[in-house]
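Quick look at input-v9.cif (mmCIF, C-alpha atoms):
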data_run
#
loop_
_atom_site.label_atom_id
_atom_site.label_comp_id
_atom_site.auth_asym_id
_atom_site.auth_seq_id
_atom_site.Cartn_x
_atom_site.Cartn_y
_atom_site.Cartn_z
CA MET A 20 0.00 0.00 0.00
CA GLN A 21 2.76 2.44 0.89
CA LEU A 22 4.46 1.70 -2.44
CA LEU A 23 1.26 2.50 -4.35
CA LEU A 24 0.84 5.83 -2.55
CA PHE A 25 4.49 6.63 -3.21
CA LEU A 26 4.08 5.88 -6.92
CA MET A 27 0.91 7.97 -7.21
CA ALA A 28 2.67 10.95 -5.69
CA PHE A 29 4.98 10.91 -8.72
CA LEU A 30 2.39 9.89 -11.28
CA LEU A 31 0.13 12.86 -10.55
CA PRO A 32 2.25 15.95 -9.76
CA PRO A 33 0.62 19.38 -10.16
CA GLY A 34 0.54 20.35 -13.82
CA ALA A 35 1.36 16.89 -15.12
CA GLY A 36 -0.34 15.57 -18.24
CA ALA A 37 -1.62 12.50 -16.45
CA GLY A 38 -5.21 12.95 -17.49
CA GLU A 39 -7.98 15.45 -17.83
CA ILE A 40 -11.65 15.95 -17.18
CA ILE A 41 -11.98 19.43 -18.66
CA GLY A 42 -14.94 21.60 -17.72
CA GLY A 43 -16.40 19.12 -15.24
CA GLN A 44 -16.85 18.86 -11.49
CA GLU A 45 -15.92 16.59 -8.62
CA ALA A 46 -18.09 13.48 -8.52
CA ARG A 47 -20.05 12.61 -5.39
CA PRO A 48 -17.79 10.11 -3.55
CA HIS A 49 -18.46 6.51 -4.66
CA SER A 50 -21.40 7.50 -6.86
CA ARG A 51 -19.68 5.67 -9.74
CA PRO A 52 -18.79 2.37 -8.04
CA TYR A 53 -17.73 0.72 -11.31
CA MET A 54 -14.76 3.09 -11.78
CA ALA A 55 -11.27 1.58 -11.70
CA PHE A 56 -7.91 3.34 -11.44
CA LEU A 57 -5.01 1.55 -13.13
CA ILE A 58 -1.33 1.84 -12.30
CA ILE A 59 0.64 0.41 -15.20
CA GLN A 60 4.33 -0.40 -15.54
CA THR A 61 5.53 0.20 -19.10
CA PRO A 62 8.98 -0.07 -20.71
CA VAL A 63 9.49 3.66 -20.09
CA GLY A 64 8.12 3.85 -16.54
CA TYR A 65 4.75 4.03 -14.80
CA SER A 66 1.55 5.42 -16.29
CA THR A 67 -2.11 5.57 -15.26
CA CYS A 68 -5.45 4.91 -16.93
CA GLY A 69 -9.08 4.49 -16.08
CA GLY A 70 -11.23 1.41 -16.46
CA PHE A 71 -14.54 -0.02 -15.30
CA LEU A 72 -15.74 -3.19 -13.64
CA VAL A 73 -17.88 -5.41 -15.89
CA ARG A 74 -17.74 -8.63 -13.87
CA GLU A 75 -16.40 -9.51 -10.43
CA ASP A 76 -13.19 -10.71 -12.04
CA PHE A 77 -12.89 -8.47 -15.14
CA VAL A 78 -12.22 -4.78 -15.79
CA LEU A 79 -12.64 -3.22 -19.23
CA THR A 80 -10.26 -0.51 -20.45
CA ALA A 81 -8.45 0.74 -23.57
CA ALA A 82 -5.91 -1.47 -25.37
CA HIS A 83 -3.33 1.33 -25.38
CA CYS A 84 -3.31 1.14 -21.55
CA TRP A 85 -1.37 -2.12 -21.83
CA GLY A 86 1.64 -2.85 -19.62
CA SER A 87 2.91 -5.30 -17.03
CA PRO A 88 2.39 -5.47 -14.16
CA ILE A 89 -0.93 -3.61 -13.77
CA THR A 90 -2.51 -2.81 -10.40
CA VAL A 91 -6.25 -2.09 -10.31
CA ILE A 92 -7.79 0.06 -7.57
CA LEU A 93 -11.57 -0.12 -7.15
CA GLY A 94 -13.81 1.75 -4.71
CA ALA A 95 -11.63 4.87 -4.74
CA HIS A 96 -12.58 8.54 -4.69
CA ASN A 97 -9.31 10.14 -3.60
CA ILE A 98 -6.61 7.97 -5.15
CA ARG A 99 -3.86 9.36 -2.91
CA ARG A 100 -5.60 8.29 0.29
CA GLU A 101 -6.02 4.90 1.89
CA GLU A 102 -9.82 4.71 1.92
CA ARG A 103 -11.56 1.79 3.66
CA THR A 104 -13.75 1.33 0.57
CA GLN A 105 -10.81 0.60 -1.71
CA GLN A 106 -10.03 -2.85 -3.07
CA ARG A 107 -6.74 -3.50 -4.86
CA ARG A 108 -6.16 -6.32 -7.25
CA SER A 109 -3.27 -7.46 -9.40
CA VAL A 110 -4.00 -8.28 -13.02
CA LEU A 111 -3.66 -11.95 -13.85
CA ARG A 112 -4.06 -11.48 -17.60
CA ALA A 113 -4.31 -8.43 -19.92
CA ILE A 114 -6.20 -9.36 -23.09
CA ARG A 115 -6.05 -6.82 -25.90
CA HIS A 116 -8.44 -7.12 -28.82
CA PRO A 117 -6.66 -9.26 -31.44
CA ASP A 118 -7.25 -6.61 -34.15
CA TYR A 119 -6.02 -3.64 -32.11
CA ASN A 120 -3.88 -1.32 -34.23
CA GLN A 121 -1.39 0.73 -32.24
CA GLN A 122 -0.85 3.24 -35.06
CA SER A 123 -4.50 4.03 -35.76
CA ASN A 124 -5.98 3.13 -32.32
CA VAL A 125 -8.70 1.12 -34.07
CA ASN A 126 -10.20 -1.62 -31.84
CA ASP A 127 -8.82 0.13 -28.76
CA ILE A 128 -10.28 -2.20 -26.15
CA MET A 129 -8.78 -4.55 -23.55
CA LEU A 130 -10.05 -6.85 -20.82
CA LEU A 131 -8.14 -7.22 -17.55
CA GLN A 132 -8.69 -10.45 -15.67
CA LEU A 133 -8.19 -9.84 -11.96
CA GLU A 134 -6.05 -12.22 -9.94
CA ASN A 135 -8.81 -12.41 -7.31
CA ARG A 136 -12.49 -11.55 -7.56
CA ILE A 137 -13.65 -8.32 -5.95
CA GLN A 138 -16.28 -8.17 -3.24
CA GLN A 139 -19.23 -6.09 -4.42
CA SER A 140 -20.27 -3.32 -2.03
CA GLU A 141 -21.86 0.12 -2.12
CA ALA A 142 -18.52 1.48 -3.34
CA VAL A 143 -17.61 -1.33 -5.77
CA ARG A 144 -20.15 -2.60 -8.31
CA THR A 145 -20.29 -3.68 -11.93
CA VAL A 146 -21.80 -1.58 -14.72
CA SER A 147 -24.08 -2.80 -17.51
CA LEU A 148 -22.89 -3.25 -21.08
CA PRO A 149 -25.01 -2.30 -24.12
CA GLN A 150 -26.78 -4.65 -26.46
CA ALA A 151 -24.61 -5.85 -29.33
CA GLN A 152 -24.53 -3.39 -32.25
CA ALA A 153 -26.73 -0.81 -30.43
CA ARG A 154 -26.01 2.75 -31.57
CA LEU A 155 -26.26 6.10 -29.82
CA ARG A 156 -27.97 8.95 -31.63
CA PRO A 157 -26.24 12.34 -32.07
CA GLY A 158 -27.39 14.62 -29.27
CA ALA A 159 -27.45 11.91 -26.62
CA VAL A 160 -26.15 13.26 -23.30
CA CYS A 161 -23.72 11.00 -21.45
CA THR A 162 -21.11 11.33 -18.71
CA VAL A 163 -17.45 10.41 -18.44
CA ALA A 164 -15.33 10.34 -15.28
CA GLY A 165 -11.66 10.10 -14.42
CA TRP A 166 -8.76 11.22 -12.26
CA GLY A 167 -6.12 13.74 -13.27
CA LEU A 168 -6.02 17.31 -14.53
CA VAL A 169 -9.13 19.48 -14.26
CA SER A 170 -7.62 22.06 -16.60
CA LEU A 171 -4.53 22.15 -18.80
CA SER A 172 -2.41 23.04 -15.76
CA ARG A 173 -4.13 21.85 -12.55
CA SER A 174 -4.31 18.31 -11.22
CA THR A 175 -6.66 16.65 -8.75
CA ASN A 176 -6.60 13.50 -6.63
CA ARG A 177 -10.38 13.09 -6.61
CA LEU A 178 -12.66 11.58 -9.20
CA HIS A 179 -14.16 14.18 -11.54
CA GLU A 180 -17.01 13.85 -14.03
CA VAL A 181 -18.41 15.82 -16.95
CA GLN A 182 -21.47 15.65 -19.18
CA LEU A 183 -20.74 15.26 -22.89
CA THR A 184 -22.93 15.16 -25.98
CA VAL A 185 -22.63 12.56 -28.72
CA GLN A 186 -21.78 14.20 -32.06
CA ARG A 187 -22.33 13.34 -35.70
CA ASP A 188 -19.66 10.99 -36.99
CA SER A 189 -18.70 13.51 -39.66
CA ARG A 190 -17.24 15.81 -36.99
CA CYS A 191 -14.64 13.22 -36.06
CA ARG A 192 -14.05 12.05 -39.62
CA ASP A 193 -13.12 15.63 -40.51
CA ARG A 194 -10.58 15.85 -37.65
CA PHE A 195 -9.11 12.37 -37.25
CA ASN A 196 -7.63 10.37 -40.10
CA PHE A 197 -8.51 6.92 -38.76
CA TYR A 198 -11.96 7.54 -37.32
CA THR A 199 -14.50 4.81 -38.17
CA ASP A 200 -18.13 4.93 -37.06
CA GLN A 201 -18.32 1.12 -37.10
CA THR A 202 -16.30 0.81 -33.90
CA GLN A 203 -15.95 4.38 -32.57
CA ILE A 204 -18.15 7.18 -31.16
CA CYS A 205 -17.59 10.92 -31.64
CA VAL A 206 -18.19 12.72 -28.33
CA GLY A 207 -18.01 16.34 -27.14
CA ASN A 208 -19.25 19.65 -28.53
CA PRO A 209 -16.34 21.82 -29.77
CA SER A 210 -18.04 24.97 -28.45
CA SER A 211 -18.42 23.64 -24.90
CA ARG A 212 -14.75 23.12 -23.95
CA LYS A 213 -15.80 20.03 -22.01
CA SER A 214 -13.82 16.88 -22.66
CA ALA A 215 -11.97 13.81 -21.51
CA PHE A 216 -8.32 13.69 -22.49
CA LEU A 217 -5.05 11.74 -22.31
CA GLY A 218 -4.92 10.04 -18.91
CA ASP A 219 -8.64 9.44 -18.74
CA SER A 220 -8.02 6.75 -21.34
CA GLY A 221 -9.87 3.53 -20.63
CA GLY A 222 -12.65 5.17 -18.62
CA PRO A 223 -16.31 4.61 -19.53
CA LEU A 224 -18.80 6.80 -21.35
CA ILE A 225 -22.02 6.22 -19.39
CA CYS A 226 -25.38 6.79 -21.07
CA ASN A 227 -28.54 5.85 -19.17
CA ASN A 228 -26.49 3.75 -16.73
CA VAL A 229 -24.89 1.74 -19.55
CA ALA A 230 -21.19 1.77 -20.50
CA GLU A 231 -21.49 2.73 -24.17
CA GLY A 232 -17.93 3.92 -24.83
CA ILE A 233 -14.28 3.80 -23.73
CA VAL A 234 -12.06 6.90 -23.75
CA SER A 235 -9.60 6.33 -26.62
CA TYR A 236 -7.97 9.48 -28.04
CA GLY A 237 -8.50 13.11 -28.95
CA ASP A 238 -6.91 16.45 -29.77
CA ARG A 239 -3.63 17.02 -27.91
CA ARG A 240 -4.84 20.46 -26.84
CA GLY A 241 -7.92 19.01 -25.19
CA ILE A 242 -10.34 20.55 -27.71
CA PRO A 243 -13.43 18.34 -28.25
CA PRO A 244 -14.68 16.20 -29.82
CA ALA A 245 -12.79 13.11 -28.69
CA VAL A 246 -12.96 9.54 -29.94
CA PHE A 247 -14.41 6.72 -27.83
CA THR A 248 -14.37 3.00 -28.59
CA ARG A 249 -17.94 1.83 -29.29
CA VAL A 250 -18.52 -0.94 -26.72
CA SER A 251 -21.61 -2.36 -28.49
CA SER A 252 -19.39 -3.37 -31.41
CA PHE A 253 -17.37 -5.62 -29.09
CA VAL A 254 -19.97 -7.12 -26.72
CA ASN A 255 -19.75 -10.56 -28.33
CA TRP A 256 -15.93 -10.52 -28.09
CA ILE A 257 -16.13 -9.37 -24.44
CA ASN A 258 -18.53 -12.17 -23.46
CA ARG A 259 -16.59 -14.85 -25.36
CA THR A 260 -13.32 -13.74 -23.82
CA MET A 261 -14.63 -13.65 -20.26
CA GLU A 262 -16.09 -17.12 -20.72
CA ARG A 263 -12.83 -18.43 -22.15
CA PHE A 264 -10.65 -17.08 -19.34
CA LYS A 265 -12.69 -18.08 -16.31
CA GLN A 266 -11.16 -17.40 -12.95
CA GLN A 267 -8.79 -20.25 -12.27
CA ASN A 268 -9.13 -20.11 -8.51
CA GLN A 269 -12.91 -19.87 -8.26
CA THR A 270 -14.65 -22.54 -6.26
CA TRP A 271 -17.58 -24.59 -7.48
CA THR A 272 -20.49 -25.68 -5.32
CA PRO A 273 -21.87 -29.12 -6.28
CA LEU A 274 -25.58 -29.16 -7.14
#

Serialized structure, structure tokens:
Amino acid sequence: MQLLLFLMAFLLPPGAGAGEIIGGQEARPHSRPYMAFLIIQTPVGYSTCGGFLVREDFVLTAAHCWGSPITVILGAHNIRREERTQQRRSVLRAIRHPDYNQQSNVNDIMLLQLENRIQQSEAVRTVSLPQAQARLRPGAVCTVAGWGLVSLSRSTNRLHEVQLTVQRDSRCRDRFNFYTDQTQICVGNPSSRKSAFLGDSGGPLICNNVAEGIVSYGDRRGIPPAVFTRVSSFVNWINRTMERFKQQNQTWTPL
């Protein structure tokens, strides 16, 4: 625990580009019990991402948040404090989508199998996934949450959230070379200056209590819209993968 707090002190210094919820507000503590904070060791050092709990033994995040080892913290509000609600798990297996493209960020989705199942509580709960191939309409109002910068120069330790509006796909096609509406969602009104950004990667886009998107990438200046992975395009892969990699240490009760 002390090591994790020590690492977070360096991962989130004031003014660092660790992540941004721009134009939002602090979330009510533990009002988003599916939120996960990831501490990732990469070849160049430690990084952080968001994620969300989809089963007691699986967290969903972005494929570009890959590394080893990965520590998952659930039930957190202030990620620099040792809160009694927090549960920490090591990642047994990081499973990137087999068609993930690191250059284009297409199919930017990854499942993390936890070494041990979490215990669901008021502060730690799963979130629903959408129906396969379901699509959001432009104008839909959703929320995204994450830890990190609350402006281009100010950091925070507490979970922040912001409301964002789904945009027409053409807005992202015009700005991003590899945008595809088959597997991605265009989110955030350019006139609002509200957005998720770099270190919020992997966090969920929640619409009507369903995790419809995953923070993927956006403009380096934090100007919306940003691109989210469309979860409904991958529901079948998610379910197949979770079934394939069942928890090895789970116990079975004879009928």

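The residues returned by the PyMOL selection byres ((chain A and resi 178) around 10) on the shown structure are A:Ile40, A:Gln44, A:Glu45, A:Ala46, A:Arg47, A:Pro48, A:His49, A:Ser50, A:Arg51, A:Met54, A:Phe56, A:Ala95, A:His96, A:Asn97, A:Ile98, A:Ala164, A:Gly165, A:Trp166, A:Gly167, A:Thr175, A:Asn176, A:Arg177, A:His179, A:Glu180.
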
### Task
Could you state which residues are captured by the PyMOL selection byres ((chain A and resi 239-250) around 7) in this file, as a PyMOL selection string?
chain A and resi 127+191+202-209+212-214+216+231-238+251-254

Export of the given selection (C-alpha atoms) as a short mmCIF file (atom, residue, chain, number, x, y, z; two decimals), in the frame of the given file:
data_model
loop_
_atom_site.label_atom_id
_atom_site.label_comp_id
_atom_site.auth_asym_id
_atom_site.auth_seq_id
_atom_site.Cartn_x
_atom_site.Cartn_y
_atom_site.Cartn_z
CA ASP A 127 -8.82 0.13 -28.76
CA CYS A 191 -14.64 13.22 -36.06
CA THR A 202 -16.30 0.81 -33.90
CA GLN A 203 -15.95 4.38 -32.57
CA ILE A 204 -18.15 7.18 -31.16
CA CYS A 205 -17.59 10.92 -31.64
CA VAL A 206 -18.19 12.72 -28.33
CA GLY A 207 -18.01 16.34 -27.14
CA ASN A 208 -19.25 19.65 -28.53
CA PRO A 209 -16.34 21.82 -29.77
CA ARG A 212 -14.75 23.12 -23.95
CA LYS A 213 -15.80 20.03 -22.01
CA SER A 214 -13.82 16.88 -22.66
CA PHE A 216 -8.32 13.69 -22.49
CA GLU A 231 -21.49 2.73 -24.17
CA GLY A 232 -17.93 3.92 -24.83
CA ILE A 233 -14.28 3.80 -23.73
CA VAL A 234 -12.06 6.90 -23.75
CA SER A 235 -9.60 6.33 -26.62
CA TYR A 236 -7.97 9.48 -28.04
CA GLY A 237 -8.50 13.11 -28.95
CA ASP A 238 -6.91 16.45 -29.77
CA SER A 251 -21.61 -2.36 -28.49
CA SER A 252 -19.39 -3.37 -31.41
CA PHE A 253 -17.37 -5.62 -29.09
CA VAL A 254 -19.97 -7.12 -26.72
#

## Note on the structure
Closest of A:Cys226, A:Gln139, A:Leu131, A:Thr104 to Gly69 in chain A, counting only C-alpha atoms, is A:Leu131

### Task
May I have the residues at most 10 Å from (-19.6, -4.2, -20.4) in the file's coordinates, counting only C-alpha atoms, as JSON, numbers by chain?
{"A": [71, 72, 73, 74, 77, 78, 79, 130, 145, 146, 147, 148, 149, 150, 223, 229, 230, 231, 232, 250, 251, 253, 254, 257, 258]}

### Pick from A:Gln132, A:Arg99, A:Ser87, A:Gly43, whichever lies nearest to Lys265 in chain A using only C-alpha atoms
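Under the stated criterion, the closest residue is A:Gln132.
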
### Task
Just say which residues the PyMOL selection byres ((chain A and resi 84) around 10) picks in this file, as a VMD selection string.
chain A and resid 57 to 61 66 to 70 80 to 83 85 to 86 89 113 115 127 to 129 218 220 to 221 235

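For the pair CA of Glu262 in chain A and CA of Ser123 in chain A, the separation is 28.4 Å.
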
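Here CA of Arg136 in chain A is placed at a distance of 8.2 Å from CA of Arg108 in chain A.
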
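Minimum atom-to-atom distances from A:Gly158, A:Tyr119, A:Thr199, A:Asp219 to Arg187 in chain A were compared using all atoms listed in the file, and the lowest value belongs to A:Gly158.
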